[in-house]
>>> print(open('input_25.txt').read())   # compact mmCIF, C-alpha atoms and all ligand atoms
# COMPACT_ATOMS: atom_id res chain seq x y z
CA MET A 10 -1.93 20.09 12.89
CA SER A 11 -3.71 19.34 16.14
CA ASN A 12 -6.41 17.38 14.25
CA LEU A 13 -3.87 14.83 13.05
CA PRO A 14 -4.13 11.55 14.99
CA PRO A 15 -1.57 10.88 17.72
CA TYR A 16 1.47 8.94 16.66
CA LEU A 17 0.68 5.41 17.82
CA PHE A 18 4.25 4.22 17.58
CA ALA A 19 5.49 6.86 20.03
CA GLU A 20 5.30 4.55 23.06
CA ILE A 21 6.93 1.70 21.12
CA ASP A 22 9.70 3.98 19.84
CA ARG A 23 10.38 5.12 23.41
CA LYS A 24 10.53 1.50 24.63
CA ARG A 25 12.74 0.52 21.73
CA ALA A 26 15.29 3.22 22.54
CA LEU A 27 15.23 2.12 26.19
CA LYS A 28 15.73 -1.56 25.27
CA GLU A 29 18.57 -0.76 22.92
CA SER A 30 20.28 1.36 25.58
CA GLU A 31 20.09 -1.74 27.82
CA GLY A 32 21.93 -3.68 25.11
CA VAL A 33 18.93 -5.66 23.82
CA ASP A 34 19.17 -6.76 20.18
CA VAL A 35 15.81 -5.38 19.02
CA ILE A 36 14.28 -6.99 15.89
CA SER A 37 11.61 -5.00 14.06
CA LEU A 38 8.80 -6.86 12.32
CA GLY A 39 7.21 -3.49 11.73
CA ILE A 40 8.76 -2.35 8.51
CA GLY A 41 6.72 -2.06 5.31
CA ASP A 42 9.84 -1.56 3.24
CA PRO A 43 11.45 -4.39 1.21
CA ASP A 44 14.76 -5.61 2.66
CA LEU A 45 15.91 -6.91 -0.74
CA PRO A 46 17.86 -4.58 -3.06
CA THR A 47 16.59 -3.08 -6.32
CA PRO A 48 17.32 -5.55 -9.17
CA GLN A 49 20.64 -4.95 -10.94
CA ARG A 50 19.02 -4.42 -14.37
CA ILE A 51 17.23 -1.34 -12.99
CA ILE A 52 20.37 0.06 -11.35
CA GLY A 53 22.17 -0.37 -14.70
CA ALA A 54 19.45 1.58 -16.52
CA MET A 55 19.70 4.34 -13.90
CA ALA A 56 23.49 4.58 -14.27
CA GLU A 57 23.07 5.13 -17.98
CA ALA A 58 20.19 7.58 -17.60
CA ILE A 59 21.92 9.76 -15.05
CA ALA A 60 24.83 10.34 -17.44
CA ASN A 61 22.49 11.91 -20.00
CA PRO A 62 22.52 15.75 -19.63
CA LYS A 63 18.95 15.99 -21.01
CA ASN A 64 17.84 14.27 -17.83
CA HIS A 65 19.38 16.99 -15.65
CA GLN A 66 16.69 19.55 -16.54
CA TYR A 67 13.16 19.91 -15.17
CA PRO A 68 11.08 16.83 -15.90
CA ALA A 69 7.79 16.94 -17.83
CA TYR A 70 4.99 17.52 -15.27
CA ALA A 71 2.85 14.55 -16.25
CA GLY A 72 5.82 12.23 -16.75
CA SER A 73 7.98 11.73 -19.85
CA LYS A 74 6.24 10.41 -22.96
CA PRO A 75 8.36 7.22 -22.92
CA TYR A 76 7.53 6.62 -19.23
CA ARG A 77 3.79 7.09 -19.72
CA ALA A 78 3.94 4.84 -22.80
CA ALA A 79 5.78 2.21 -20.74
CA CYS A 80 3.14 2.39 -18.00
CA ALA A 81 0.41 1.87 -20.62
CA GLU A 82 2.35 -1.02 -22.20
CA TRP A 83 2.83 -2.64 -18.77
CA MET A 84 -0.91 -2.35 -18.04
CA LYS A 85 -1.58 -4.04 -21.40
CA ARG A 86 0.92 -6.86 -20.81
CA ARG A 87 0.06 -7.42 -17.18
CA PHE A 88 -3.75 -6.99 -17.17
CA GLY A 89 -4.83 -6.66 -20.80
CA VAL A 90 -5.98 -3.09 -20.03
CA GLY A 91 -5.52 -0.59 -22.88
CA LEU A 92 -4.87 3.04 -21.85
CA ASP A 93 -4.16 6.28 -23.67
CA PRO A 94 -0.76 7.35 -22.28
CA ASP A 95 -1.53 11.01 -22.98
CA THR A 96 -4.81 11.32 -21.10
CA GLU A 97 -5.14 8.25 -18.87
CA VAL A 98 -1.67 7.94 -17.30
CA LEU A 99 0.12 10.28 -14.88
CA ALA A 100 3.58 9.83 -13.33
CA LEU A 101 3.71 10.12 -9.53
CA ILE A 102 6.54 10.73 -7.06
CA GLY A 103 5.41 7.56 -5.29
CA SER A 104 1.77 6.65 -4.82
CA LYS A 105 1.74 8.38 -1.41
CA GLU A 106 2.18 11.68 -3.21
CA GLY A 107 -0.73 10.85 -5.53
CA ILE A 108 -2.99 9.88 -2.64
CA ALA A 109 -2.23 13.11 -0.76
CA HIS A 110 -2.81 15.33 -3.81
CA LEU A 111 -6.17 13.73 -4.63
CA PHE A 112 -7.59 15.61 -1.62
CA PRO A 113 -7.04 19.16 -2.88
CA ALA A 114 -8.25 17.97 -6.31
CA PHE A 115 -11.56 16.47 -5.13
CA ILE A 116 -12.36 17.41 -1.53
CA ASP A 117 -13.73 20.73 -0.29
CA VAL A 118 -13.96 21.57 3.41
CA GLY A 119 -16.63 19.31 4.96
CA ASP A 120 -16.72 16.78 2.11
CA TYR A 121 -16.42 13.12 3.06
CA THR A 122 -13.94 10.49 1.91
CA LEU A 123 -14.90 6.83 2.41
CA VAL A 124 -11.89 5.10 3.89
CA PRO A 125 -11.33 1.40 4.71
CA GLY A 126 -11.54 0.53 8.44
CA VAL A 127 -7.88 -0.44 8.28
CA GLY A 128 -5.51 0.92 5.67
CA TYR A 129 -2.79 3.28 4.59
CA PRO A 130 -2.83 6.30 6.95
CA VAL A 131 -2.73 8.97 4.21
CA TYR A 132 -6.32 8.08 3.15
CA THR A 133 -7.29 9.77 6.41
CA THR A 134 -4.58 12.33 7.07
CA GLY A 135 -4.77 13.67 3.50
CA GLY A 136 -8.34 14.73 4.30
CA ILE A 137 -7.57 16.12 7.73
CA LEU A 138 -4.88 18.39 6.29
CA ILE A 139 -7.41 20.19 4.08
CA GLY A 140 -10.46 20.12 6.35
CA GLY A 141 -12.14 17.05 4.83
CA GLU A 142 -14.13 14.44 6.76
CA THR A 143 -13.51 10.69 6.96
CA HIS A 144 -16.11 7.93 7.07
CA TYR A 145 -14.59 4.55 7.92
CA MET A 146 -16.11 1.63 6.04
CA PRO A 147 -16.30 -1.40 8.39
CA MET A 148 -13.76 -4.15 7.74
CA ASN A 149 -13.48 -7.30 9.78
CA GLU A 150 -13.10 -11.07 9.82
CA ASP A 151 -16.84 -11.49 9.11
CA ASN A 152 -16.82 -9.53 5.85
CA GLY A 153 -13.47 -11.02 4.85
CA TRP A 154 -11.82 -7.58 5.28
CA LEU A 155 -13.72 -6.32 2.24
CA ALA A 156 -14.60 -2.74 3.28
CA ASP A 157 -18.40 -2.44 3.61
CA PHE A 158 -19.32 0.63 1.55
CA GLU A 159 -23.02 -0.36 1.37
CA SER A 160 -23.53 0.49 5.06
CA THR A 161 -22.48 4.14 4.58
CA PRO A 162 -25.24 6.40 6.00
CA ALA A 163 -27.21 8.55 3.53
CA GLU A 164 -26.17 11.81 5.20
CA VAL A 165 -22.50 10.88 4.70
CA LEU A 166 -23.11 9.81 1.10
CA ALA A 167 -24.74 13.15 0.38
CA LYS A 168 -21.41 14.84 1.12
CA ALA A 169 -19.04 12.06 -0.08
CA LYS A 170 -16.76 12.66 -3.06
CA MET A 171 -14.16 9.94 -2.99
CA MET A 172 -13.71 6.32 -1.86
CA PHE A 173 -10.42 4.46 -1.34
CA LEU A 174 -10.00 0.71 -1.66
CA SER A 175 -6.79 -1.32 -1.71
CA TYR A 176 -6.42 -5.01 -2.54
CA PRO A 177 -4.28 -7.01 -1.90
CA ASN A 178 -4.78 -5.22 1.39
CA ASN A 179 -2.24 -3.65 3.69
CA PRO A 180 -2.54 -4.59 6.55
CA ALA A 181 -5.18 -7.36 6.29
CA ALA A 182 -3.30 -9.26 3.53
CA VAL A 183 -6.46 -10.38 1.67
CA ALA A 184 -7.22 -10.09 -2.05
CA ALA A 185 -10.63 -8.97 -3.36
CA PRO A 186 -12.79 -11.07 -5.69
CA VAL A 187 -13.78 -9.36 -8.96
CA GLU A 188 -17.45 -9.34 -7.86
CA TYR A 189 -16.43 -7.00 -5.04
CA PHE A 190 -14.78 -4.63 -7.51
CA ASP A 191 -17.92 -4.76 -9.66
CA ALA A 192 -20.11 -3.86 -6.68
CA ALA A 193 -17.74 -0.99 -5.76
CA ILE A 194 -17.87 0.37 -9.32
CA ALA A 195 -21.70 0.25 -9.31
CA PHE A 196 -21.75 1.97 -5.91
CA ALA A 197 -19.40 4.73 -7.09
CA GLN A 198 -21.56 5.25 -10.18
CA LYS A 199 -24.75 5.43 -8.15
CA HIS A 200 -23.38 7.95 -5.65
CA ASP A 201 -21.15 9.93 -8.00
CA LEU A 202 -17.89 9.10 -6.20
CA LEU A 203 -14.34 8.93 -7.47
CA LEU A 204 -13.20 5.38 -6.71
CA VAL A 205 -9.47 5.20 -6.05
CA HIS A 206 -7.94 1.74 -6.06
CA ASP A 207 -4.50 1.72 -4.45
CA ASN A 208 -2.79 -1.30 -6.01
CA ALA A 209 0.56 -0.94 -4.20
CA TYR A 210 0.90 -4.75 -3.95
CA SER A 211 -0.15 -5.52 -7.54
CA GLU A 212 2.86 -7.82 -8.01
CA ILE A 213 2.73 -9.60 -4.66
CA GLY A 214 0.15 -12.39 -4.73
CA PHE A 215 0.68 -15.85 -3.26
CA ASP A 216 -0.13 -19.47 -4.03
CA GLY A 217 -0.13 -18.83 -7.77
CA HIS A 218 -2.74 -16.01 -7.68
CA LEU A 219 -1.62 -12.76 -9.29
CA PRO A 220 -3.56 -9.65 -8.19
CA THR A 221 -5.99 -8.10 -10.70
CA SER A 222 -6.54 -4.49 -11.77
CA ILE A 223 -9.88 -2.83 -11.10
CA LEU A 224 -9.57 -1.34 -14.60
CA GLU A 225 -10.12 -4.84 -16.01
CA ARG A 226 -13.73 -4.57 -14.86
CA PRO A 227 -16.53 -3.14 -17.04
CA GLY A 228 -17.40 0.49 -16.30
CA ALA A 229 -14.33 1.04 -14.11
CA ARG A 230 -12.96 3.79 -16.29
CA ASP A 231 -16.11 5.88 -15.82
CA VAL A 232 -15.53 6.24 -12.08
CA ALA A 233 -12.12 4.88 -11.09
CA ILE A 234 -8.43 5.56 -11.09
CA GLU A 235 -5.83 3.08 -9.97
CA LEU A 236 -2.44 3.72 -8.40
CA PHE A 237 0.54 1.50 -9.19
CA SER A 238 4.01 1.84 -7.73
CA CYS A 239 7.51 0.56 -8.38
CA SER A 240 8.09 0.66 -4.61
CA LYS A 241 7.01 -2.82 -3.49
CA ALA A 242 6.93 -4.43 -6.95
CA TYR A 243 10.58 -3.76 -7.76
CA ASN A 244 12.12 -3.03 -4.33
CA MET A 245 12.31 0.67 -5.22
CA THR A 246 10.74 2.41 -2.21
CA GLY A 247 13.58 4.95 -1.99
CA TRP A 248 13.41 5.91 -5.67
CA ARG A 249 9.94 7.51 -5.45
CA VAL A 250 8.28 6.51 -8.70
CA ALA A 251 4.73 5.38 -9.38
CA PHE A 252 1.79 6.19 -11.64
CA ALA A 253 -1.93 6.83 -11.61
CA CYS A 254 -4.12 5.62 -14.46
CA GLY A 255 -7.76 5.35 -15.47
CA ASN A 256 -10.52 7.99 -15.63
CA ALA A 257 -9.18 10.83 -17.78
CA GLU A 258 -11.03 13.63 -15.97
CA ALA A 259 -9.64 12.55 -12.59
CA ILE A 260 -6.14 12.10 -14.02
CA LYS A 261 -6.34 15.63 -15.42
CA ALA A 262 -7.48 17.10 -12.08
CA LEU A 263 -4.73 15.32 -10.15
CA GLY A 264 -2.20 16.48 -12.75
CA THR A 265 -3.41 20.07 -12.37
CA VAL A 266 -2.85 20.02 -8.60
CA LYS A 267 0.57 18.45 -9.08
CA SER A 268 1.70 20.96 -11.69
CA ASN A 269 1.08 23.67 -9.08
CA VAL A 270 2.88 21.84 -6.28
CA ASP A 271 5.73 19.70 -7.61
CA SER A 272 7.73 19.49 -10.80
CA GLY A 273 7.52 15.80 -11.58
CA VAL A 274 9.70 12.72 -11.18
CA PHE A 275 13.44 13.02 -11.96
CA THR A 276 13.56 11.89 -15.60
CA ALA A 277 16.50 9.52 -15.03
CA ILE A 278 14.38 7.70 -12.45
CA GLN A 279 11.56 7.47 -14.98
CA ASP A 280 14.04 5.88 -17.42
CA ALA A 281 15.02 3.34 -14.76
CA ALA A 282 11.34 2.69 -14.06
CA ILE A 283 10.79 1.93 -17.77
CA GLU A 284 13.35 -0.86 -17.38
CA ALA A 285 11.59 -2.02 -14.20
CA LEU A 286 8.22 -2.23 -15.96
CA LEU A 287 9.21 -3.57 -19.37
CA GLY A 288 12.41 -5.56 -18.71
CA PRO A 289 12.45 -9.28 -17.83
CA GLN A 290 10.18 -9.90 -14.84
CA ASP A 291 12.02 -12.94 -13.38
CA ASP A 292 13.19 -10.90 -10.39
CA VAL A 293 9.55 -10.17 -9.55
CA ALA A 294 8.73 -13.88 -9.53
CA ALA A 295 11.77 -14.56 -7.33
CA MET A 296 10.70 -11.81 -4.89
CA ARG A 297 7.21 -13.30 -4.64
CA GLU A 298 8.73 -16.67 -3.71
CA VAL A 299 10.85 -15.10 -0.97
CA TYR A 300 7.80 -13.45 0.64
CA GLN A 301 5.68 -16.57 0.28
CA ARG A 302 8.37 -18.66 1.98
CA ARG A 303 8.57 -16.14 4.83
CA ARG A 304 4.78 -16.06 5.11
CA ASP A 305 4.83 -19.82 5.60
CA MET A 306 7.57 -19.52 8.26
CA VAL A 307 5.34 -17.10 10.17
CA LEU A 308 2.16 -19.15 9.76
CA ASP A 309 3.94 -22.28 11.01
CA ALA A 310 5.05 -20.48 14.17
CA LEU A 311 1.79 -18.69 15.06
CA ASP A 312 0.11 -21.54 16.97
CA THR A 313 2.99 -21.92 19.41
CA ILE A 314 3.10 -18.16 19.97
CA GLY A 315 -0.65 -17.99 20.68
CA LEU A 316 -1.62 -16.01 17.59
CA SER A 317 -3.87 -16.94 14.69
CA ALA A 318 -4.09 -15.62 11.14
CA ARG A 319 -5.67 -16.16 7.77
CA ARG A 320 -3.25 -17.31 5.11
CA SER A 321 -2.03 -14.04 3.51
CA GLN A 322 -3.14 -13.92 -0.12
CA GLY A 323 -0.71 -11.14 -0.99
CA THR A 324 1.28 -8.12 0.30
CA ILE A 325 4.31 -8.37 2.56
CA TYR A 326 2.39 -8.92 5.81
CA VAL A 327 0.71 -11.43 8.06
CA TRP A 328 -2.26 -9.94 9.91
CA ALA A 329 -2.48 -11.88 13.13
CA ARG A 330 -5.19 -12.01 15.78
CA ILE A 331 -3.83 -11.51 19.31
CA PRO A 332 -4.90 -13.46 22.42
CA GLY A 333 -7.80 -12.04 24.46
CA GLY A 334 -7.23 -9.77 27.44
CA TYR A 335 -5.01 -7.20 25.73
CA THR A 336 -5.51 -4.23 23.47
CA SER A 337 -3.24 -4.52 20.45
CA ALA A 338 -1.08 -1.67 21.80
CA GLU A 339 -0.72 -3.47 25.15
CA TYR A 340 0.15 -6.70 23.39
CA ALA A 341 2.75 -5.00 21.18
CA THR A 342 4.32 -3.46 24.30
CA LEU A 343 4.35 -6.86 26.02
CA VAL A 344 6.06 -8.50 23.03
CA LEU A 345 8.73 -5.79 22.95
CA ASP A 346 9.28 -6.02 26.72
CA LYS A 347 9.57 -9.79 26.82
CA THR A 348 11.26 -10.60 23.51
CA GLY A 349 12.82 -7.43 22.08
CA VAL A 350 10.65 -7.87 18.96
CA ILE A 351 8.64 -4.99 17.51
CA VAL A 352 5.20 -5.86 16.13
CA PRO A 353 3.00 -2.87 15.24
CA PRO A 354 -0.45 -2.82 16.88
CA GLY A 355 -3.37 -3.20 14.46
CA SER A 356 -5.00 -0.09 15.92
CA ALA A 357 -2.28 1.98 14.21
CA TYR A 358 -3.92 1.16 10.84
CA GLY A 359 -7.45 2.29 11.67
CA PRO A 360 -10.39 1.66 14.00
CA ASP A 361 -10.95 -1.93 12.79
CA GLY A 362 -7.37 -2.98 13.57
CA GLU A 363 -7.96 -3.43 17.30
CA GLY A 364 -7.24 -7.04 18.30
CA TYR A 365 -4.57 -7.58 15.63
CA ILE A 366 -0.89 -7.07 14.99
CA ARG A 367 0.86 -6.75 11.62
CA ILE A 368 3.94 -8.89 11.04
CA SER A 369 6.14 -7.71 8.18
CA LEU A 370 7.72 -10.23 5.81
CA ALA A 371 10.22 -7.60 4.69
CA THR A 372 12.61 -8.98 7.29
CA PRO A 373 15.71 -11.03 6.36
CA ASP A 374 15.11 -14.78 6.87
CA HIS A 375 17.52 -15.26 9.77
CA ARG A 376 16.14 -12.24 11.66
CA LEU A 377 12.56 -13.34 11.06
CA ALA A 378 13.43 -16.87 12.28
CA GLU A 379 15.13 -15.45 15.37
CA ALA A 380 12.15 -13.20 16.16
CA LEU A 381 9.67 -16.07 15.79
CA GLU A 382 11.87 -18.32 17.95
CA ARG A 383 12.02 -15.70 20.72
CA MET A 384 8.24 -15.19 20.58
CA ALA A 385 7.53 -18.93 20.57
CA THR A 386 9.70 -19.66 23.59
CA THR A 387 8.83 -16.58 25.66
CA LEU A 388 5.14 -15.91 25.02
C1 LIG B 1 3.65 1.32 0.63
C2 LIG B 1 2.26 1.75 0.34
C3 LIG B 1 2.00 2.92 -0.37
C4 LIG B 1 3.08 3.94 -0.71
O1 LIG B 1 3.80 3.58 -1.78
P1 LIG B 1 4.80 4.59 -2.49
O2 LIG B 1 4.55 4.37 -3.94
O3 LIG B 1 6.16 4.21 -2.04
O4 LIG B 1 4.46 5.98 -2.07
C5 LIG B 1 0.70 3.22 -0.71
N1 LIG B 1 -0.30 2.42 -0.34
C6 LIG B 1 -0.10 1.30 0.35
C7 LIG B 1 -1.27 0.44 0.71
C8 LIG B 1 1.18 0.93 0.73
O5 LIG B 1 1.37 -0.17 1.47
>>> encode(input="input_25.txt", output="structure tokens")
Amino acid sequence: MSNLPPYLFAEIDRKRALKESEGVDVISLGIGDPDLPTPQRIIGAMAEAIANPKNHQYPAYAGSKPYRAACAEWMKRRFGVGLDPDTEVLALIGSKEGIAHLFPAFIDVGDYTLVPGVGYPVYTTGGILIGGETHYMPMNEDNGWLADFESTPAEVLAKAKMMFLSYPNNPAAVAAPVEYFDAAIAFAQKHDLLLVHDNAYSEIGFDGHLPTSILERPGARDVAIELFSCSKAYNMTGWRVAFACGNAEAIKALGTVKSNVDSGVFTAIQDAAIEALLGPQDDVAAMREVYQRRRDMVLDALDTIGLSARRSQGTIYVWARIPGGYTSAEYATLVLDKTGVIVPPGSAYGPDGEGYIRISLATPDHRLAEALERMATTL
């Protein structure tokens, strides 16, 4: 427990409570959770599924046959990737669960995991909880936020078992070119690593570019699994449903850990997720437009505020560079003090996040506009 990193939001949470007790209308731009509701077609499917008594019993560990078939069909439709639903697809109780359970499946005490310099915290804490080691792969403006695995020292590689990548990237909001995926696959082959691609934002690409799957690339299936989730794609974060797919041996190992820890996803939720994946996808296109419009609102305001950012290529974030003279935690505290707006410090996402803040687009338009207005006039 004591090896887990300190909670970087603690100071901000304390300040927030103080501000609110003073009557300040605090606006959070810190939330990585869609503000829009789950599409009605999915809620309808759930209402029907929950009335079916068969769904009230224990679920199948690996996911129901129809759900795994739907995941495979979605991968085919969306990316042209063919998968065997029996051996290459596994239902997850959210991708967070899958990430955490990969550690007991693949990491022994002292083994290394290669983790992006900024990223989802469980890539690191999952290792800490079982005595694994983390090597951070450098990510910065200069390498386009494409984690630099090639610079990993030989002594780390000798004990490395697993490497995480995630594009479009939370928090850096960049997509990866296919050449980068190809290089990562070759690297994983050379060093006998399991390559885990966390594709949580697979449906959220901007300016007409839809994210790709690493499984589209040659050789990927020899070394890689990919995680997909209904959470951000279908505004279903609270439902807890996702899937892992790809390398059959890795899928089997993850499934073995899970069958000893949990008992699968509520089958009615899997039925609703089938509708999410295979029903009409117009709501996904509409969601993408909402986030893109909000991204543009933020980008237009940055100059006046004194921030700068690349144009987000996907995800629900803008990753903005802060002015000099502050750490990102100091800057976040200053913003909260002066404007009542919460912007998480980049350092909360890993060692390469210093000097940045993450602005969430999962904020209703009028609240986002108000927050930007306050920042523009006060900072
Ligand atoms: C939100 C998020 C997750 C967790 O998704 P769930 O499927 O809801 O567990 C995983 N990875 C990244 C990068 C995320 O942003």
>>> atom_distance(input="input_25.txt", atom1="CA of Pro62 (chain A)", atom2="CA of Lys105 (chain A)")
28.6 Å
>>> atom_distance(input="input_25.txt", atom1="CA of Gly89 (chain A)", atom2="CA of Thr221 (chain A)")
10.3 Å
>>> closest_residue(input="input_25.txt", among="A:Ile36, A:Asp280, A:Ala295, A:Gly359", to="Leu345 (chain A)", atoms="all atoms listed in the file")
A:Ile36
>>> residues_near_ligand(input="input_25.txt", ligand="ligand LIG 1 (chain B)", cutoff="6 Å", atoms="only C-alpha atoms and all ligand atoms", output="ChimeraX atom specification")
/A:103-105,129,179,207,209,238,240,246,251
>>> atom_distance(input="input_25.txt", atom1="CA of Asn208 (chain A)", atom2="CA of Ile325 (chain A)")
13.2 Å
>>> closest_residue(input="input_25.txt", among="A:Leu111, A:Ile52, A:Ala282, A:Ile40", to="Val266 (chain A)", atoms="all atoms listed in the file")
A:Leu111
>>> build_atoms(input="input_25.txt", residues="region 330-338 of chain A", atoms="all heavy atoms", output="short mmCIF file (atom, residue, chain, number, x, y, z; two decimals), in the frame of the given file")
data_model
loop_
_atom_site.label_atom_id
_atom_site.label_comp_id
_atom_site.auth_asym_id
_atom_site.auth_seq_id
_atom_site.Cartn_x
_atom_site.Cartn_y
_atom_site.Cartn_z
N ARG A 330 -4.29 -12.28 14.67
CA ARG A 330 -5.19 -12.01 15.78
C ARG A 330 -4.45 -12.28 17.09
O ARG A 330 -3.80 -13.32 17.24
CB ARG A 330 -6.41 -12.92 15.65
CG ARG A 330 -7.50 -12.58 16.59
CD ARG A 330 -8.86 -13.19 16.17
NE ARG A 330 -9.85 -12.72 17.11
CZ ARG A 330 -10.35 -11.49 17.14
NH1 ARG A 330 -9.96 -10.62 16.23
NH2 ARG A 330 -11.21 -11.13 18.05
N ILE A 331 -4.55 -11.35 18.04
CA ILE A 331 -3.83 -11.51 19.31
C ILE A 331 -4.71 -12.25 20.32
O ILE A 331 -5.92 -12.30 20.15
CB ILE A 331 -3.36 -10.14 19.87
CG1 ILE A 331 -4.56 -9.25 20.20
CG2 ILE A 331 -2.41 -9.47 18.91
CD1 ILE A 331 -4.21 -7.97 20.94
N PRO A 332 -4.09 -12.80 21.38
CA PRO A 332 -4.90 -13.46 22.42
C PRO A 332 -5.80 -12.45 23.13
O PRO A 332 -5.49 -11.25 23.15
CB PRO A 332 -3.84 -14.01 23.39
CG PRO A 332 -2.51 -13.78 22.79
CD PRO A 332 -2.66 -12.79 21.70
N GLY A 333 -6.88 -12.92 23.73
CA GLY A 333 -7.80 -12.04 24.46
C GLY A 333 -7.14 -11.44 25.69
O GLY A 333 -6.11 -11.92 26.16
N GLY A 334 -7.73 -10.36 26.21
CA GLY A 334 -7.23 -9.77 27.44
C GLY A 334 -6.26 -8.62 27.25
O GLY A 334 -5.83 -8.02 28.23
N TYR A 335 -5.91 -8.33 26.01
CA TYR A 335 -5.01 -7.20 25.73
C TYR A 335 -5.62 -6.33 24.64
O TYR A 335 -6.30 -6.84 23.76
CB TYR A 335 -3.66 -7.67 25.16
CG TYR A 335 -2.91 -8.66 25.99
CD1 TYR A 335 -2.99 -10.02 25.70
CD2 TYR A 335 -2.07 -8.24 27.01
CE1 TYR A 335 -2.27 -10.95 26.44
CE2 TYR A 335 -1.34 -9.15 27.75
CZ TYR A 335 -1.45 -10.51 27.47
OH TYR A 335 -0.74 -11.40 28.20
N THR A 336 -5.32 -5.02 24.68
CA THR A 336 -5.51 -4.23 23.47
C THR A 336 -4.29 -4.52 22.59
O THR A 336 -3.27 -5.02 23.08
CB THR A 336 -5.53 -2.71 23.76
OG1 THR A 336 -4.23 -2.33 24.24
CG2 THR A 336 -6.59 -2.37 24.81
N SER A 337 -4.39 -4.20 21.31
CA SER A 337 -3.24 -4.52 20.45
C SER A 337 -2.01 -3.69 20.84
O SER A 337 -0.88 -4.16 20.73
CB SER A 337 -3.58 -4.40 18.97
OG SER A 337 -4.18 -3.19 18.67
N ALA A 338 -2.22 -2.48 21.34
CA ALA A 338 -1.08 -1.67 21.80
C ALA A 338 -0.43 -2.30 23.03
O ALA A 338 0.80 -2.35 23.14
CB ALA A 338 -1.52 -0.24 22.09
#
